[in-house]
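Structure file target-v3.pdb with PDB, C-alpha atoms and all ligand atoms:
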```pdb
ATOM      1  CA  MET A   1       0.000   0.000   0.000  1.00  0.00           C
ATOM      2  CA  SER A   2       1.445   3.367  -0.993  1.00  0.00           C
ATOM      3  CA  GLN A   3       2.389   5.888   1.652  1.00  0.00           C
ATOM      4  CA  HIS A   4       1.519   9.523   1.065  1.00  0.00           C
ATOM      5  CA  THR A   5       2.744  12.732   2.608  1.00  0.00           C
ATOM      6  CA  LEU A   6       0.688  15.890   2.886  1.00  0.00           C
ATOM      7  CA  PHE A   7       3.210  18.698   3.323  1.00  0.00           C
ATOM      8  CA  VAL A   8       1.859  21.886   4.894  1.00  0.00           C
ATOM      9  CA  CYS A   9       3.852  25.100   5.063  1.00  0.00           C
ATOM     10  CA  THR A  10       3.441  26.385   8.610  1.00  0.00           C
ATOM     11  CA  SER A  11       5.025  29.780   7.858  1.00  0.00           C
ATOM     12  CA  CYS A  12       2.642  31.109   5.228  1.00  0.00           C
ATOM     13  CA  ASN A  13       0.977  34.449   5.830  1.00  0.00           C
ATOM     14  CA  PHE A  14      -2.574  34.574   7.104  1.00  0.00           C
ATOM     15  CA  ALA A  15      -3.727  37.182   4.594  1.00  0.00           C
ATOM     16  CA  THR A  16      -2.374  39.941   2.411  1.00  0.00           C
ATOM     17  CA  GLY A  17      -0.582  42.356   4.716  1.00  0.00           C
ATOM     18  CA  GLN A  18      -1.262  40.132   7.741  1.00  0.00           C
ATOM     19  CA  ARG A  19       1.275  37.491   8.669  1.00  0.00           C
ATOM     20  CA  GLU A  20      -0.470  36.204  11.783  1.00  0.00           C
ATOM     21  CA  HIS A  21      -3.918  35.564  13.195  1.00  0.00           C
ATOM     22  CA  LEU A  22      -4.302  35.015  16.951  1.00  0.00           C
ATOM     23  CA  GLY A  23      -0.526  35.049  17.269  1.00  0.00           C
ATOM     24  CA  GLN A  24       0.209  32.351  14.673  1.00  0.00           C
ATOM     25  CA  ARG A  25       0.934  32.286  10.969  1.00  0.00           C
ATOM     26  CA  GLY A  26      -1.821  31.326   8.578  1.00  0.00           C
ATOM     27  CA  GLY A  27       0.014  28.149   7.623  1.00  0.00           C
ATOM     28  CA  TYR A  28       0.206  27.138  11.262  1.00  0.00           C
ATOM     29  CA  HIS A  29      -3.568  27.393  11.535  1.00  0.00           C
ATOM     30  CA  LEU A  30      -3.997  25.302   8.392  1.00  0.00           C
ATOM     31  CA  TRP A  31      -1.589  22.686   9.731  1.00  0.00           C
ATOM     32  CA  GLN A  32      -3.503  22.522  13.020  1.00  0.00           C
ATOM     33  CA  SER A  33      -6.802  22.071  11.165  1.00  0.00           C
ATOM     34  CA  LEU A  34      -5.324  19.236   9.113  1.00  0.00           C
ATOM     35  CA  LEU A  35      -3.877  17.573  12.209  1.00  0.00           C
ATOM     36  CA  GLN A  36      -7.331  17.708  13.750  1.00  0.00           C
ATOM     37  CA  CYS A  37      -8.767  16.061  10.624  1.00  0.00           C
ATOM     38  CA  GLN A  38      -6.111  13.376  10.918  1.00  0.00           C
ATOM     39  CA  GLN A  39      -6.908  12.783  14.593  1.00  0.00           C
ATOM     40  CA  GLN A  40     -10.590  12.488  13.699  1.00  0.00           C
ATOM     41  CA  GLU A  41      -9.634   9.917  11.040  1.00  0.00           C
ATOM     42  CA  GLN A  42     -11.007  12.022   8.198  1.00  0.00           C
ATOM     43  CA  LEU A  43      -7.780  11.428   6.292  1.00  0.00           C
ATOM     44  CA  PRO A  44      -6.931   7.987   4.893  1.00  0.00           C
ATOM     45  CA  PRO A  45      -4.486   6.126   7.191  1.00  0.00           C
ATOM     46  CA  THR A  46      -1.898   6.100   4.397  1.00  0.00           C
ATOM     47  CA  VAL A  47      -1.705   9.920   4.425  1.00  0.00           C
ATOM     48  CA  ARG A  48       0.716  11.511   6.890  1.00  0.00           C
ATOM     49  CA  VAL A  49       0.534  15.245   7.631  1.00  0.00           C
ATOM     50  CA  GLN A  50       4.021  16.741   7.603  1.00  0.00           C
ATOM     51  CA  PRO A  51       4.719  20.372   8.576  1.00  0.00           C
ATOM     52  CA  VAL A  52       7.459  22.190   6.674  1.00  0.00           C
ATOM     53  CA  GLU A  53       8.971  25.624   7.203  1.00  0.00           C
ATOM     54  CA  CYS A  54       8.544  26.766   3.623  1.00  0.00           C
ATOM     55  CA  LEU A  55       7.569  25.342   0.230  1.00  0.00           C
ATOM     56  CA  SER A  56       9.109  28.337  -1.535  1.00  0.00           C
ATOM     57  CA  ALA A  57       5.857  29.717  -2.860  1.00  0.00           C
ATOM     58  CA  CYS A  58       5.546  32.341  -0.152  1.00  0.00           C
ATOM     59  CA  ASN A  59       3.534  34.821  -2.205  1.00  0.00           C
ATOM     60  CA  ARG A  60       0.857  32.156  -2.875  1.00  0.00           C
ATOM     61  CA  PHE A  61      -0.099  31.501   0.770  1.00  0.00           C
ATOM     62  CA  CYS A  62      -1.224  29.120   2.114  1.00  0.00           C
ATOM     63  CA  THR A  63       0.562  26.257   0.380  1.00  0.00           C
ATOM     64  CA  ILE A  64       0.459  22.467   0.554  1.00  0.00           C
ATOM     65  CA  ALA A  65       1.870  19.551  -1.442  1.00  0.00           C
ATOM     66  CA  LEU A  66       0.906  15.910  -1.809  1.00  0.00           C
ATOM     67  CA  ALA A  67       3.682  13.422  -2.522  1.00  0.00           C
ATOM     68  CA  SER A  68       4.239   9.702  -2.788  1.00  0.00           C
ATOM     69  CA  PRO A  69       7.305   8.042  -4.346  1.00  0.00           C
ATOM     70  CA  GLU A  70       5.380   6.323  -7.141  1.00  0.00           C
ATOM     71  CA  LYS A  71       2.916   9.132  -7.824  1.00  0.00           C
ATOM     72  CA  THR A  72       2.975  12.591  -9.335  1.00  0.00           C
ATOM     73  CA  THR A  73       3.630  15.248  -6.697  1.00  0.00           C
ATOM     74  CA  LEU A  74       0.975  17.968  -6.612  1.00  0.00           C
ATOM     75  CA  MET A  75       1.489  21.387  -5.051  1.00  0.00           C
ATOM     76  CA  PHE A  76      -1.187  24.014  -4.439  1.00  0.00           C
ATOM     77  CA  GLY A  77      -1.320  27.580  -3.217  1.00  0.00           C
ATOM     78  CA  ASP A  78      -3.801  30.417  -2.617  1.00  0.00           C
ATOM     79  CA  LEU A  79      -5.530  28.439   0.149  1.00  0.00           C
ATOM     80  CA  PRO A  80      -7.378  30.363   2.879  1.00  0.00           C
ATOM     81  CA  ALA A  81      -5.856  29.392   6.216  1.00  0.00           C
ATOM     82  CA  LEU A  82      -9.112  28.759   8.068  1.00  0.00           C
ATOM     83  CA  ASP A  83     -11.313  27.409   5.272  1.00  0.00           C
ATOM     84  CA  SER A  84      -9.268  24.897   3.298  1.00  0.00           C
ATOM     85  CA  ALA A  85      -8.947  21.781   5.429  1.00  0.00           C
ATOM     86  CA  THR A  86     -12.117  20.052   4.192  1.00  0.00           C
ATOM     87  CA  ALA A  87     -11.152  20.496   0.531  1.00  0.00           C
ATOM     88  CA  ILE A  88      -7.575  19.373   1.211  1.00  0.00           C
ATOM     89  CA  VAL A  89      -8.821  16.257   3.007  1.00  0.00           C
ATOM     90  CA  GLN A  90     -11.029  15.485   0.006  1.00  0.00           C
ATOM     91  CA  LEU A  91      -8.121  15.931  -2.385  1.00  0.00           C
ATOM     92  CA  ALA A  92      -5.797  13.852  -0.202  1.00  0.00           C
ATOM     93  CA  THR A  93      -8.403  11.083  -0.204  1.00  0.00           C
ATOM     94  CA  GLN A  94      -8.615  11.232  -4.010  1.00  0.00           C
ATOM     95  CA  TYR A  95      -4.818  11.253  -4.211  1.00  0.00           C
ATOM     96  CA  ALA A  96      -4.453   8.227  -1.952  1.00  0.00           C
ATOM     97  CA  ALA A  97      -7.022   6.300  -4.017  1.00  0.00           C
ATOM     98  CA  SER A  98      -5.473   7.202  -7.360  1.00  0.00           C
ATOM     99  CA  GLY A  99      -2.975   5.036  -9.161  1.00  0.00           C
ATOM    100  CA  ASP A 100      -0.702   7.803 -10.372  1.00  0.00           C
ATOM    101  CA  GLY A 101      -1.547  10.890  -8.293  1.00  0.00           C
ATOM    102  CA  VAL A 102      -2.988  12.822 -11.207  1.00  0.00           C
ATOM    103  CA  ILE A 103      -6.374  14.267 -10.208  1.00  0.00           C
ATOM    104  CA  PRO A 104      -8.077  16.005 -13.150  1.00  0.00           C
ATOM    105  CA  ARG A 105      -9.096  19.590 -12.449  1.00  0.00           C
ATOM    106  CA  LYS A 106     -12.822  18.900 -12.872  1.00  0.00           C
ATOM    107  CA  ASP A 107     -12.649  16.133 -10.274  1.00  0.00           C
ATOM    108  CA  ARG A 108     -10.837  18.172  -7.637  1.00  0.00           C
ATOM    109  CA  PRO A 109     -12.722  20.059  -4.879  1.00  0.00           C
ATOM    110  CA  ALA A 110     -13.733  23.530  -6.106  1.00  0.00           C
ATOM    111  CA  LEU A 111     -11.170  25.272  -3.906  1.00  0.00           C
ATOM    112  CA  LEU A 112      -8.399  23.241  -5.526  1.00  0.00           C
ATOM    113  CA  GLN A 113      -9.437  23.565  -9.151  1.00  0.00           C
ATOM    114  CA  LYS A 114      -7.230  26.655  -9.301  1.00  0.00           C
ATOM    115  CA  GLY A 115      -4.008  27.405  -7.536  1.00  0.00           C
ATOM    116  CA  ILE A 116      -1.986  24.409  -8.694  1.00  0.00           C
ATOM    117  CA  LEU A 117       1.653  25.435  -8.512  1.00  0.00           C
ATOM    118  CA  ALA A 118       3.498  22.286  -9.522  1.00  0.00           C
ATOM    119  CA  ARG A 119       2.980  18.824 -10.962  1.00  0.00           C
ATOM    120  CA  ILE A 120       6.191  16.819 -10.584  1.00  0.00           C
ATOM    121  CA  PRO A 121       6.580  13.303 -12.038  1.00  0.00           C
ATOM    122  CA  PRO A 122       7.007  10.300  -9.720  1.00  0.00           C
ATOM    123  CA  VAL A 123      10.447   9.583  -8.288  1.00  0.00           C
ATOM    124  CA  LEU A 124      10.014   5.831  -8.695  1.00  0.00           C
ATOM    125  CA  PRO A 125       8.434   3.913 -11.578  1.00  0.00           C
ATOM    126  CA  PRO A 126       4.896   2.654 -10.850  1.00  0.00           C
ATOM    127  CA  GLN A 127       4.696  -0.798  -9.309  1.00  0.00           C
ATOM    128  CA  ALA A 128       3.575  -3.566 -11.648  1.00  0.00           C
TER     129      ALA A 128
HETATM  130  S1  LIG B 201       6.199  30.781   3.769  1.00  0.00           S
HETATM  131 FE1  LIG B 201       4.818  29.266   3.017  1.00  0.00          FE
HETATM  132  S2  LIG B 201       5.685  28.761   1.102  1.00  0.00           S
HETATM  133 FE2  LIG B 201       7.194  30.073   1.987  1.00  0.00          FE
END
```

Take the structure I supplied and represent it as C-alpha cells, if you would.
Amino acid sequence: MSQHTLFVCTSCNFATGQREHLGQRGGYHLWQSLLQCQQQEQLPPTVRVQPVECLSACNRFCTIALASPEKTTLMFGDLPALDSATAIVQLATQYAASGDGVIPRKDRPALLQKGILARIPPVLPPQA
C-alpha cells in the first residue's frame, strides 16, 4: 500500500498584509486544522501530515503539497488558512485512491481547481 505525505507550510501568511492571526501564521492554523482532521480519522491512514517551514511559494499563501514516491507530486497555493482543510482532506483522499496521483481539475474540490503550482513526475516507476 502506498504511503503519502501531505506537506503543509506552517510559515505562510494569514492574509495579504497580515502574517499572523491570533498570534500564529496562517500556515500554522492550516496545519492545526489538518492535524485535527487526521486525529478524527477524516484522512486515509496512508496519508501523513508533515509540517514544513517553507515550500518556496511564499507569495501564494497558504501552500500544501501531496507526494508519494510512485505518484505525481501535486502542489497548491492560494488556500485560505481557516477554510481549506475540508477540501484538502477530500483531495488527499482522491490522491491516496489514485494510481498515479494525477487528479483532473474537474474532479478536484472547487477550492483546488485553481491554484496548482506544480505537478512533478514520480520519483520511482509505478509498481507492476
Ligand atoms: S512561507 Fe509558506 S511557502 Fe514560503

Distance table requested - chain A against ligand LIG 201 (chain B), cut-off 8 Å, all atoms listed in the file: one row per qualifying residue with the closest atom pair and its distance in Å to one decimal, ordered by chain and rising residue number, as a tab-separated table.
```
residue	atom	partner	partner_atom	distance
A:Cys9	CA	B:LIG201	FE1	4.7
A:Thr10	CA	B:LIG201	FE1	6.4
A:Ser11	CA	B:LIG201	S1	4.4
A:Cys12	CA	B:LIG201	FE1	3.6
A:Asn13	CA	B:LIG201	S1	6.7
A:Gly27	CA	B:LIG201	FE1	6.7
A:Glu53	CA	B:LIG201	S1	6.8
A:Cys54	CA	B:LIG201	FE2	3.9
A:Leu55	CA	B:LIG201	S2	4.0
A:Ser56	CA	B:LIG201	S2	4.3
A:Ala57	CA	B:LIG201	S2	4.1
A:Cys58	CA	B:LIG201	FE2	3.5
A:Asn59	CA	B:LIG201	S2	7.2
A:Arg60	CA	B:LIG201	S2	7.1
A:Phe61	CA	B:LIG201	FE1	5.8
A:Cys62	CA	B:LIG201	FE1	6.1
A:Thr63	CA	B:LIG201	S2	5.7
```

For Pro104 of chain A, work out the shell of residues within 12 Å, counting all atoms listed in the file and skipping chain neighbours fewer than 4 positions away, then give it as a ChimeraX atom specification.
/A:74,91,94-95,98,100,108-110,112-114,116,119

One-decimal distance in Å that lies between atom CA of Lys71 of chain A and atom CA of Gly101 of chain A
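Result for atom CA of Gly101 of chain A versus atom CA of Lys71 of chain A: 4.8 Å, one decimal.
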
Write out as a list in words which residues come within 8 Å of Ser68 of chain A when counting all atoms listed in the file, dropping same-chain ones fewer than 3 positions away.
Ser2, Gln3, His4, Thr5, Lys71, Thr72, Thr73 and Pro122 of chain A

Kindly indicate which residue among A:Gln90, A:Leu6, A:Gln24, A:Leu117 lies nearest to Arg48 of chain A, using all atoms listed in the file for the distances.
A:Leu6

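Take atom CA of Pro44 of chain A and atom CA of Pro125 of chain A: the distance between them is 22.9 Å.
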
Residues near segment 38-42 of chain A, cut-off 12 Å, all atoms listed in the file, skip fewer than 2 positions along chain, as a PDB file with C-alpha atoms, in the coordinates of the input:
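The new file selection_29.pdb reads:
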```
ATOM      1  CA  LEU A   6       0.688  15.890   2.886  1.00  0.00           C
ATOM      2  CA  TRP A  31      -1.589  22.686   9.731  1.00  0.00           C
ATOM      3  CA  GLN A  32      -3.503  22.522  13.020  1.00  0.00           C
ATOM      4  CA  SER A  33      -6.802  22.071  11.165  1.00  0.00           C
ATOM      5  CA  LEU A  34      -5.324  19.236   9.113  1.00  0.00           C
ATOM      6  CA  LEU A  35      -3.877  17.573  12.209  1.00  0.00           C
ATOM      7  CA  GLN A  36      -7.331  17.708  13.750  1.00  0.00           C
ATOM      8  CA  PRO A  44      -6.931   7.987   4.893  1.00  0.00           C
ATOM      9  CA  PRO A  45      -4.486   6.126   7.191  1.00  0.00           C
ATOM     10  CA  THR A  46      -1.898   6.100   4.397  1.00  0.00           C
ATOM     11  CA  VAL A  47      -1.705   9.920   4.425  1.00  0.00           C
ATOM     12  CA  ARG A  48       0.716  11.511   6.890  1.00  0.00           C
ATOM     13  CA  VAL A  49       0.534  15.245   7.631  1.00  0.00           C
ATOM     14  CA  GLN A  50       4.021  16.741   7.603  1.00  0.00           C
ATOM     15  CA  ALA A  85      -8.947  21.781   5.429  1.00  0.00           C
ATOM     16  CA  THR A  86     -12.117  20.052   4.192  1.00  0.00           C
ATOM     17  CA  ALA A  87     -11.152  20.496   0.531  1.00  0.00           C
ATOM     18  CA  ILE A  88      -7.575  19.373   1.211  1.00  0.00           C
ATOM     19  CA  VAL A  89      -8.821  16.257   3.007  1.00  0.00           C
ATOM     20  CA  GLN A  90     -11.029  15.485   0.006  1.00  0.00           C
ATOM     21  CA  LEU A  91      -8.121  15.931  -2.385  1.00  0.00           C
ATOM     22  CA  ALA A  92      -5.797  13.852  -0.202  1.00  0.00           C
ATOM     23  CA  THR A  93      -8.403  11.083  -0.204  1.00  0.00           C
TER      24      THR A  93
END
```

Distance atom CA of Ile64 of chain A-atom CA of Ser84 of chain A, one decimal place?
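Pair atom CA of Ile64 of chain A / atom CA of Ser84 of chain A returns 10.4 Å.
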
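Minimum distance to Phe76 of chain A across A:Arg25, A:Phe14, A:Ala97, A:Ile120 (counting all atoms listed in the file) occurs at A:Ile120.
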
Hits from the PyMOL selection byres (((chain A and resi 82) around 7) and not hetatm), listed as an MDAnalysis selection string
chainID A and resid 29:30 80:81 83:84

So, with only C-alpha atoms as the atoms that count, which of A:Val52, A:Leu43, A:Cys37, A:Leu22 lies closest to Val8 of chain A?
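Among A:Val52, A:Leu43, A:Cys37, A:Leu22, it is A:Val52 that comes nearest to Val8 of chain A.
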
Counting only C-alpha atoms, the residue of A:Leu111, A:Pro121, A:Leu79, A:Ala65 that sits nearest Gly26 of chain A:
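Ranked by minimum distance to Gly26 of chain A, first place goes to A:Leu79.
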